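Chemist: Structure file target.cif (mmCIF, C-alpha atoms; chains and numbers go by the auth columns) is given on the next line.
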```
data_work
#
loop_
_atom_site.group_PDB
_atom_site.id
_atom_site.type_symbol
_atom_site.label_atom_id
_atom_site.label_comp_id
_atom_site.label_asym_id
_atom_site.label_seq_id
_atom_site.Cartn_x
_atom_site.Cartn_y
_atom_site.Cartn_z
_atom_site.B_iso_or_equiv
_atom_site.auth_seq_id
_atom_site.auth_asym_id
ATOM 1 C CA MET A 1 75.769 -28.440 10.855 0.00 136 E
ATOM 2 C CA ALA A 2 76.728 -27.539 7.281 0.00 137 E
ATOM 3 C CA HIS A 3 75.284 -24.416 5.711 0.00 138 E
ATOM 4 C CA PRO A 4 72.925 -24.957 2.762 0.00 139 E
ATOM 5 C CA ARG A 5 74.214 -23.768 -0.619 0.00 140 E
ATOM 6 C CA MET A 6 72.987 -20.205 -1.149 0.00 141 E
ATOM 7 C CA TYR A 7 74.043 -19.672 -4.767 0.00 142 E
ATOM 8 C CA ASP A 8 73.018 -21.117 -8.116 0.00 143 E
ATOM 9 C CA ASP A 9 75.937 -22.214 -10.315 0.00 144 E
ATOM 10 C CA SER A 10 73.879 -21.534 -13.443 0.00 145 E
ATOM 11 C CA ASN A 11 73.413 -17.837 -12.568 0.00 146 E
ATOM 12 C CA PRO A 12 75.326 -15.817 -15.217 0.00 147 E
ATOM 13 C CA VAL A 13 76.221 -13.146 -12.635 0.00 148 E
ATOM 14 C CA ILE A 14 77.940 -15.749 -10.452 0.00 149 E
ATOM 15 C CA ALA A 15 79.680 -17.076 -13.579 0.00 150 E
ATOM 16 C CA LYS A 16 80.988 -13.573 -14.431 0.00 151 E
ATOM 17 C CA LEU A 17 82.196 -13.005 -10.866 0.00 152 E
ATOM 18 C CA ARG A 18 83.894 -16.408 -10.899 0.00 153 E
ATOM 19 C CA GLU A 19 85.556 -15.590 -14.254 0.00 154 E
ATOM 20 C CA ILE A 20 87.034 -12.376 -12.854 0.00 155 E
ATOM 21 C CA CYS A 21 88.226 -13.843 -9.540 0.00 156 E
ATOM 22 C CA LEU A 22 89.714 -17.025 -10.968 0.00 157 E
ATOM 23 C CA ALA A 23 91.643 -15.046 -13.607 0.00 158 E
ATOM 24 C CA PHE A 24 93.927 -13.658 -10.887 0.00 159 E
ATOM 25 C CA PRO A 25 97.099 -15.713 -10.312 0.00 160 E
ATOM 26 C CA ASP A 26 97.018 -18.497 -7.689 0.00 161 E
ATOM 27 C CA VAL A 27 93.325 -18.048 -6.799 0.00 162 E
ATOM 28 C CA PHE A 28 90.981 -20.874 -5.889 0.00 163 E
ATOM 29 C CA GLU A 29 87.304 -21.046 -5.009 0.00 164 E
ATOM 30 C CA LYS A 30 86.026 -22.678 -1.843 0.00 165 E
ATOM 31 C CA GLU A 31 82.433 -22.961 -0.700 0.00 166 E
ATOM 32 C CA ALA A 32 82.037 -21.679 2.849 0.00 167 E
ATOM 33 C CA TRP A 33 78.951 -20.649 4.812 0.00 168 E
ATOM 34 C CA GLY A 34 76.919 -21.738 1.783 0.00 169 E
ATOM 35 C CA GLU A 35 78.549 -19.066 -0.407 0.00 170 E
ATOM 36 C CA CYS A 36 81.355 -18.927 -2.990 0.00 171 E
ATOM 37 C CA THR A 37 84.570 -17.614 -1.496 0.00 172 E
ATOM 38 C CA PHE A 38 87.707 -16.726 -3.422 0.00 173 E
ATOM 39 C CA ARG A 39 91.115 -17.136 -1.832 0.00 174 E
ATOM 40 C CA VAL A 40 94.765 -16.770 -2.769 0.00 175 E
ATOM 41 C CA ASN A 41 97.084 -19.765 -2.366 0.00 176 E
ATOM 42 C CA GLY A 42 99.379 -18.975 0.552 0.00 177 E
ATOM 43 C CA GLY A 43 97.253 -15.927 1.381 0.00 178 E
ATOM 44 C CA SER A 44 93.702 -15.405 2.535 0.00 179 E
ATOM 45 C CA MET A 45 90.124 -14.893 1.370 0.00 180 E
ATOM 46 C CA PHE A 46 89.553 -11.709 -0.629 0.00 181 E
ATOM 47 C CA ALA A 47 85.945 -12.098 -1.847 0.00 182 E
ATOM 48 C CA MET A 48 82.710 -13.838 -0.868 0.00 183 E
ATOM 49 C CA THR A 49 79.311 -13.920 -2.516 0.00 184 E
ATOM 50 C CA ASP A 50 76.237 -12.614 -0.706 0.00 185 E
ATOM 51 C CA ASN A 51 73.302 -14.394 -2.303 0.00 186 E
ATOM 52 C CA ASN A 52 70.546 -13.100 -0.043 0.00 187 E
ATOM 53 C CA HIS A 53 72.861 -13.929 2.866 0.00 188 E
ATOM 54 C CA HIS A 54 70.920 -13.558 6.125 0.00 189 E
ATOM 55 C CA SER A 55 67.933 -12.299 4.065 0.00 190 E
ATOM 56 C CA SER A 56 69.869 -9.295 2.724 0.00 191 E
ATOM 57 C CA GLY A 57 67.546 -9.094 -0.300 0.00 192 E
ATOM 58 C CA HIS A 58 70.325 -8.750 -2.868 0.00 193 E
ATOM 59 C CA LEU A 59 73.069 -10.539 -4.782 0.00 194 E
ATOM 60 C CA ALA A 60 76.450 -9.030 -3.999 0.00 195 E
ATOM 61 C CA VAL A 61 80.095 -9.763 -3.405 0.00 196 E
ATOM 62 C CA TRP A 62 81.937 -8.787 -0.240 0.00 197 E
ATOM 63 C CA VAL A 63 85.487 -7.673 -1.023 0.00 198 E
ATOM 64 C CA LYS A 64 88.481 -7.017 1.197 0.00 199 E
ATOM 65 C CA ALA A 65 89.273 -3.286 1.120 0.00 200 E
ATOM 66 C CA PRO A 66 90.862 -0.739 3.438 0.00 201 E
ATOM 67 C CA ALA A 67 88.489 1.299 5.604 0.00 202 E
ATOM 68 C CA MET A 68 89.067 4.495 3.604 0.00 203 E
ATOM 69 C CA VAL A 69 88.033 2.847 0.318 0.00 204 E
ATOM 70 C CA GLN A 70 85.033 1.258 2.001 0.00 205 E
ATOM 71 C CA GLU A 71 83.860 4.639 3.279 0.00 206 E
ATOM 72 C CA ILE A 72 84.400 6.357 -0.069 0.00 207 E
ATOM 73 C CA LEU A 73 82.521 3.725 -2.076 0.00 208 E
ATOM 74 C CA VAL A 74 79.602 3.465 0.365 0.00 209 E
ATOM 75 C CA ASN A 75 79.224 7.252 0.447 0.00 210 E
ATOM 76 C CA SER A 76 79.484 7.517 -3.349 0.00 211 E
ATOM 77 C CA ASP A 77 76.554 5.173 -4.059 0.00 212 E
ATOM 78 C CA PRO A 78 74.877 3.523 -1.041 0.00 213 E
ATOM 79 C CA LYS A 79 72.544 1.487 -3.252 0.00 214 E
ATOM 80 C CA ARG A 80 75.483 -0.233 -4.985 0.00 215 E
ATOM 81 C CA PHE A 81 77.964 -0.348 -2.102 0.00 216 E
ATOM 82 C CA PHE A 82 77.405 -1.248 1.542 0.00 217 E
ATOM 83 C CA ILE A 83 79.188 -2.290 4.709 0.00 218 E
ATOM 84 C CA PRO A 84 78.724 -6.048 4.973 0.00 219 E
ATOM 85 C CA PRO A 85 77.966 -7.758 8.273 0.00 220 E
ATOM 86 C CA TYR A 86 80.858 -9.474 10.077 0.00 221 E
ATOM 87 C CA MET A 87 83.561 -8.385 7.600 0.00 222 E
ATOM 88 C CA GLY A 88 82.626 -4.698 7.381 0.00 223 E
ATOM 89 C CA LYS A 89 84.407 -3.828 10.599 0.00 224 E
ATOM 90 C CA LYS A 90 87.597 -5.169 8.990 0.00 225 E
ATOM 91 C CA GLY A 91 87.253 -2.756 6.062 0.00 226 E
ATOM 92 C CA TRP A 92 85.498 -5.051 3.588 0.00 227 E
ATOM 93 C CA VAL A 93 82.988 -3.491 1.201 0.00 228 E
ATOM 94 C CA GLY A 94 79.831 -5.030 -0.232 0.00 229 E
ATOM 95 C CA VAL A 95 79.343 -4.542 -3.973 0.00 230 E
ATOM 96 C CA ARG A 96 75.916 -5.326 -5.402 0.00 231 E
ATOM 97 C CA ILE A 97 76.091 -7.388 -8.562 0.00 232 E
ATOM 98 C CA ASP A 98 72.359 -7.338 -9.214 0.00 233 E
ATOM 99 C CA TYR A 99 71.973 -3.536 -9.525 0.00 234 E
ATOM 100 C CA LYS A 100 73.723 -1.177 -11.971 0.00 235 E
ATOM 101 C CA VAL A 101 76.708 -3.507 -12.294 0.00 236 E
ATOM 102 C CA LYS A 102 79.875 -1.930 -13.662 0.00 237 E
ATOM 103 C CA TRP A 103 82.026 -5.005 -14.215 0.00 238 E
ATOM 104 C CA ASP A 104 85.182 -3.047 -14.980 0.00 239 E
ATOM 105 C CA GLN A 105 84.902 -1.188 -11.669 0.00 240 E
ATOM 106 C CA THR A 106 83.969 -4.389 -9.838 0.00 241 E
ATOM 107 C CA ALA A 107 87.048 -6.095 -11.343 0.00 242 E
ATOM 108 C CA ALA A 108 89.259 -3.245 -10.109 0.00 243 E
ATOM 109 C CA ILE A 109 87.804 -3.493 -6.587 0.00 244 E
ATOM 110 C CA LEU A 110 88.328 -7.272 -6.657 0.00 245 E
ATOM 111 C CA LYS A 111 91.917 -6.745 -7.826 0.00 246 E
ATOM 112 C CA ASP A 112 92.538 -4.463 -4.819 0.00 247 E
ATOM 113 C CA GLY A 113 91.191 -7.144 -2.475 0.00 248 E
ATOM 114 C CA TYR A 114 93.249 -9.802 -4.229 0.00 249 E
ATOM 115 C CA LEU A 115 96.451 -7.779 -3.830 0.00 250 E
ATOM 116 C CA MET A 116 95.732 -7.224 -0.126 0.00 251 E
ATOM 117 C CA SER A 117 95.340 -10.989 0.361 0.00 252 E
ATOM 118 C CA ALA A 118 98.174 -12.261 -1.821 0.00 253 E
ATOM 119 C CA PRO A 119 101.511 -13.156 -0.220 0.00 254 E
ATOM 120 C CA LYS A 120 104.473 -10.926 -1.082 0.00 255 E
ATOM 121 C CA LYS A 121 105.986 -13.385 -3.576 0.00 256 E
ATOM 122 C CA ILE A 122 102.755 -13.254 -5.621 0.00 257 E
ATOM 123 C CA ARG A 123 102.342 -9.466 -5.265 0.00 258 E
ATOM 124 C CA ASP A 124 105.917 -8.952 -6.522 0.00 259 E
ATOM 125 C CA LYS A 125 105.193 -10.747 -9.808 0.00 260 E
ATOM 126 C CA THR A 126 101.579 -9.597 -10.110 0.00 261 E
ATOM 127 C CA PRO A 127 101.803 -6.427 -12.289 0.00 262 E
ATOM 128 C CA THR A 128 102.656 -8.415 -15.416 0.00 263 E
ATOM 129 C CA LEU A 129 100.359 -11.294 -14.548 0.00 264 E
ATOM 130 C CA LEU A 130 97.356 -9.067 -13.845 0.00 265 E
ATOM 131 C CA GLY A 131 97.537 -7.547 -17.315 0.00 266 E
ATOM 132 C CA ALA A 132 96.886 -10.989 -18.794 0.00 267 E
ATOM 133 C CA ALA A 133 94.275 -11.851 -16.173 0.00 268 E
ATOM 134 C CA CYS A 134 92.283 -8.686 -16.877 0.00 269 E
ATOM 135 C CA SER A 135 92.492 -8.702 -20.672 0.00 270 E
ATOM 136 C CA GLY A 136 89.073 -10.333 -21.102 0.00 271 E
ATOM 137 C CA PHE A 137 87.061 -7.657 -19.300 0.00 272 E
ATOM 138 C CA ASN A 138 85.087 -4.861 -20.964 0.00 273 E
ATOM 139 C CA ARG A 139 88.031 -2.499 -20.453 0.00 274 E
ATOM 140 C CA SER A 140 91.561 -3.110 -19.285 0.00 275 E
ATOM 141 C CA CYS A 141 92.197 -3.198 -15.557 0.00 276 E
ATOM 142 C CA SER A 142 94.415 -0.122 -15.855 0.00 277 E
ATOM 143 C CA THR A 143 91.451 1.826 -17.265 0.00 278 E
ATOM 144 C CA ALA A 144 89.226 0.425 -14.522 0.00 279 E
ATOM 145 C CA ASN A 145 91.798 1.422 -11.918 0.00 280 E
ATOM 146 C CA ARG A 146 91.959 4.980 -13.278 0.00 281 E
ATOM 147 C CA GLN A 147 88.149 5.221 -13.141 0.00 282 E
ATOM 148 C CA HIS A 148 88.136 3.683 -9.669 0.00 283 E
ATOM 149 C CA ALA A 149 90.811 6.163 -8.551 0.00 284 E
ATOM 150 C CA ALA A 150 88.897 9.079 -10.104 0.00 285 E
ATOM 151 C CA THR A 151 85.771 8.014 -8.212 0.00 286 E
ATOM 152 C CA LYS A 152 87.774 7.801 -5.020 0.00 287 E
ATOM 153 C CA GLU A 153 89.397 11.219 -5.597 0.00 288 E
ATOM 154 C CA SER A 154 86.123 12.999 -6.344 0.00 289 E
ATOM 155 C CA ASN A 155 84.557 11.609 -3.166 0.00 290 E
ATOM 156 C CA ARG A 156 87.604 11.772 -0.888 0.00 291 E
ATOM 157 C CA PRO A 157 86.739 13.784 2.253 0.00 292 E
ATOM 158 C CA SER A 158 90.400 14.387 3.172 0.00 293 E
ATOM 159 C CA PRO A 159 93.691 12.714 2.375 0.00 294 E
ATOM 160 C CA PRO A 160 94.606 9.773 4.588 0.00 295 E
ATOM 161 C CA LYS A 161 97.589 10.170 6.928 0.00 296 E
ATOM 162 C CA ASP A 162 99.270 7.121 5.387 0.00 297 E
ATOM 163 C CA PRO A 163 97.707 6.343 1.994 0.00 298 E
ATOM 164 C CA GLY A 164 99.887 3.254 1.409 0.00 299 E
ATOM 165 C CA PHE A 165 99.258 1.050 -1.596 0.00 300 E
ATOM 166 C CA PHE A 166 95.893 2.526 -2.552 0.00 301 E
ATOM 167 C CA ALA A 167 97.259 6.039 -3.139 0.00 302 E
ATOM 168 C CA SER A 168 98.737 4.830 -6.416 0.00 303 E
ATOM 169 C CA LEU A 169 95.400 3.701 -7.889 0.00 304 E
#
```
As structure tokens, what does this structure read like?

Modeler:
Amino acid sequence: MAHPRMYDDSNPVIAKLREICLAFPDVFEKEAWGECTFRVNGGSMFAMTDNNHHSSGHLAVWVKAPAMVQEILVNSDPKRFFIPPYMGKKGWVGVRIDYKVKWDQTAAILKDGYLMSAPKKIRDKTPTLLGAACSGFNRSCSTANRQHAATKESNRPSPPKDPGFFASL
């Protein structure tokens, strides 16, 4: 049985989320489970809407993120960030887009998820492409990344053993 559509295409919040996600190189949208999902060609899903999904009571986006980032964001503001069902155990983070939305920060979180999902050949050419993709947001993605990193640093309980990609943000 197909899932009923949970989102409204005319909602300006969904339109803004779509604008950000589809600006990344080689991204396409696919409806799944009645929600918008955003995926990278040759890669995997990096974001999914939560439009009162399973009676959650909010409009949000679930984004692929490493466990450390998930923990930091959820602890920094539990009303804006949450551990989503199903995907939370894989490190995804829920970001409310109906409450105190900071689109520049949301774009930076989405970019992180995108980079985790993109195949190597896309990641290798992404730094120059992402500059163009992010130019339409309130602030540049580099500014959003610095703010995102500052938030992470101020709330970091202890340094990770292997910080990997996200240590550079």

Chemist: Taking 4 positions as the minimum chain separation for residues in the same chain, which residues sit within 8 Å of range 198-209 of chain E when counting all atoms listed in the file? Answer as a PDB file with C-alpha atoms, in the coordinates of the input.

Modeler:
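around_26.pdb was written with the following content:
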```pdb
ATOM      1  CA  PHE E 181      89.553 -11.709  -0.629  1.00  0.00           C
ATOM      2  CA  ALA E 182      85.945 -12.098  -1.847  1.00  0.00           C
ATOM      3  CA  MET E 183      82.710 -13.838  -0.868  1.00  0.00           C
ATOM      4  CA  PRO E 213      74.877   3.523  -1.041  1.00  0.00           C
ATOM      5  CA  ARG E 215      75.483  -0.233  -4.985  1.00  0.00           C
ATOM      6  CA  PHE E 216      77.964  -0.348  -2.102  1.00  0.00           C
ATOM      7  CA  PHE E 217      77.405  -1.248   1.542  1.00  0.00           C
ATOM      8  CA  ILE E 218      79.188  -2.290   4.709  1.00  0.00           C
ATOM      9  CA  LYS E 225      87.597  -5.169   8.990  1.00  0.00           C
ATOM     10  CA  GLY E 226      87.253  -2.756   6.062  1.00  0.00           C
ATOM     11  CA  TRP E 227      85.498  -5.051   3.588  1.00  0.00           C
ATOM     12  CA  VAL E 228      82.988  -3.491   1.201  1.00  0.00           C
ATOM     13  CA  GLY E 229      79.831  -5.030  -0.232  1.00  0.00           C
ATOM     14  CA  VAL E 230      79.343  -4.542  -3.973  1.00  0.00           C
ATOM     15  CA  ILE E 244      87.804  -3.493  -6.587  1.00  0.00           C
ATOM     16  CA  LEU E 245      88.328  -7.272  -6.657  1.00  0.00           C
ATOM     17  CA  ASP E 247      92.538  -4.463  -4.819  1.00  0.00           C
ATOM     18  CA  GLY E 248      91.191  -7.144  -2.475  1.00  0.00           C
ATOM     19  CA  TYR E 249      93.249  -9.802  -4.229  1.00  0.00           C
ATOM     20  CA  MET E 251      95.732  -7.224  -0.126  1.00  0.00           C
ATOM     21  CA  SER E 252      95.340 -10.989   0.361  1.00  0.00           C
ATOM     22  CA  LYS E 287      87.774   7.801  -5.020  1.00  0.00           C
ATOM     23  CA  ASN E 290      84.557  11.609  -3.166  1.00  0.00           C
ATOM     24  CA  ARG E 291      87.604  11.772  -0.888  1.00  0.00           C
ATOM     25  CA  PRO E 295      94.606   9.773   4.588  1.00  0.00           C
TER      26      PRO E 295
END
```

Chemist: Go through range 241-263 of chain E residue by residue and, counting all atoms listed in the file, keep those with an atom at most 10 Å from range 150-160 of chain E; for each kept residue give the shortest atom pair and its distance in Å to one decimal, ordered by chain and increasing number, as a tab-separated table.

Modeler:
```
residue	atom	partner	partner_atom	distance
E:Thr241	CA	E:Leu152	CA	8.9
E:Ala242	CA	E:Ile155	CA	6.5
E:Ala243	CA	E:Ile155	CA	9.8
E:Leu245	CA	E:Cys156	CA	7.2
E:Lys246	CA	E:Phe159	CA	7.8
E:Tyr249	CA	E:Phe159	CA	7.7
E:Leu250	CA	E:Phe159	CA	9.5
E:Ala253	CA	E:Pro160	CA	9.2
E:Ile257	CA	E:Pro160	CA	7.7
E:Arg258	CA	E:Pro160	CA	9.6
E:Lys260	CA	E:Pro160	CA	9.5
E:Thr261	CA	E:Pro160	CA	7.6
```

Chemist: One decimal, in Å: what's the spacing between CA of Lys237 in chain E and CA of Asn186 in chain E?

Modeler: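 So the answer is 18.1 Å.
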
Chemist: How many Å separate CA of Glu170 in chain E from CA of Thr184 in chain E?

Modeler: 5.6 Å

Chemist: Rank E:Gly192, E:Trp197, E:His138, E:Pro219 by their smallest atom-to-atom distance to Gly169 in chain E, using only C-alpha atoms, and report the top residue only.

Modeler: E:His138

Chemist: How far is it from CA of Asn176 in chain E to CA of Glu164 in chain E, in Å with one decimal?

Modeler: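 Pair CA of Asn176 in chain E / CA of Glu164 in chain E returns 10.2 Å.
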
Chemist: Go through the shown structure with the PyMOL selection byres ((chain E and resi 168) around 9) and write out the matching residues as a compact mmCIF listing (two decimals) with C-alpha atoms, in the frame of the given file.

Modeler:
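Output file out-v3.txt follows:
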```txt
# COMPACT_ATOMS: atom_id res chain seq x y z
CA ALA E 137 76.73 -27.54 7.28
CA HIS E 138 75.28 -24.42 5.71
CA PRO E 139 72.92 -24.96 2.76
CA ARG E 140 74.21 -23.77 -0.62
CA MET E 141 72.99 -20.20 -1.15
CA GLU E 166 82.43 -22.96 -0.70
CA ALA E 167 82.04 -21.68 2.85
CA GLY E 169 76.92 -21.74 1.78
CA GLU E 170 78.55 -19.07 -0.41
CA CYS E 171 81.36 -18.93 -2.99
CA THR E 172 84.57 -17.61 -1.50
```
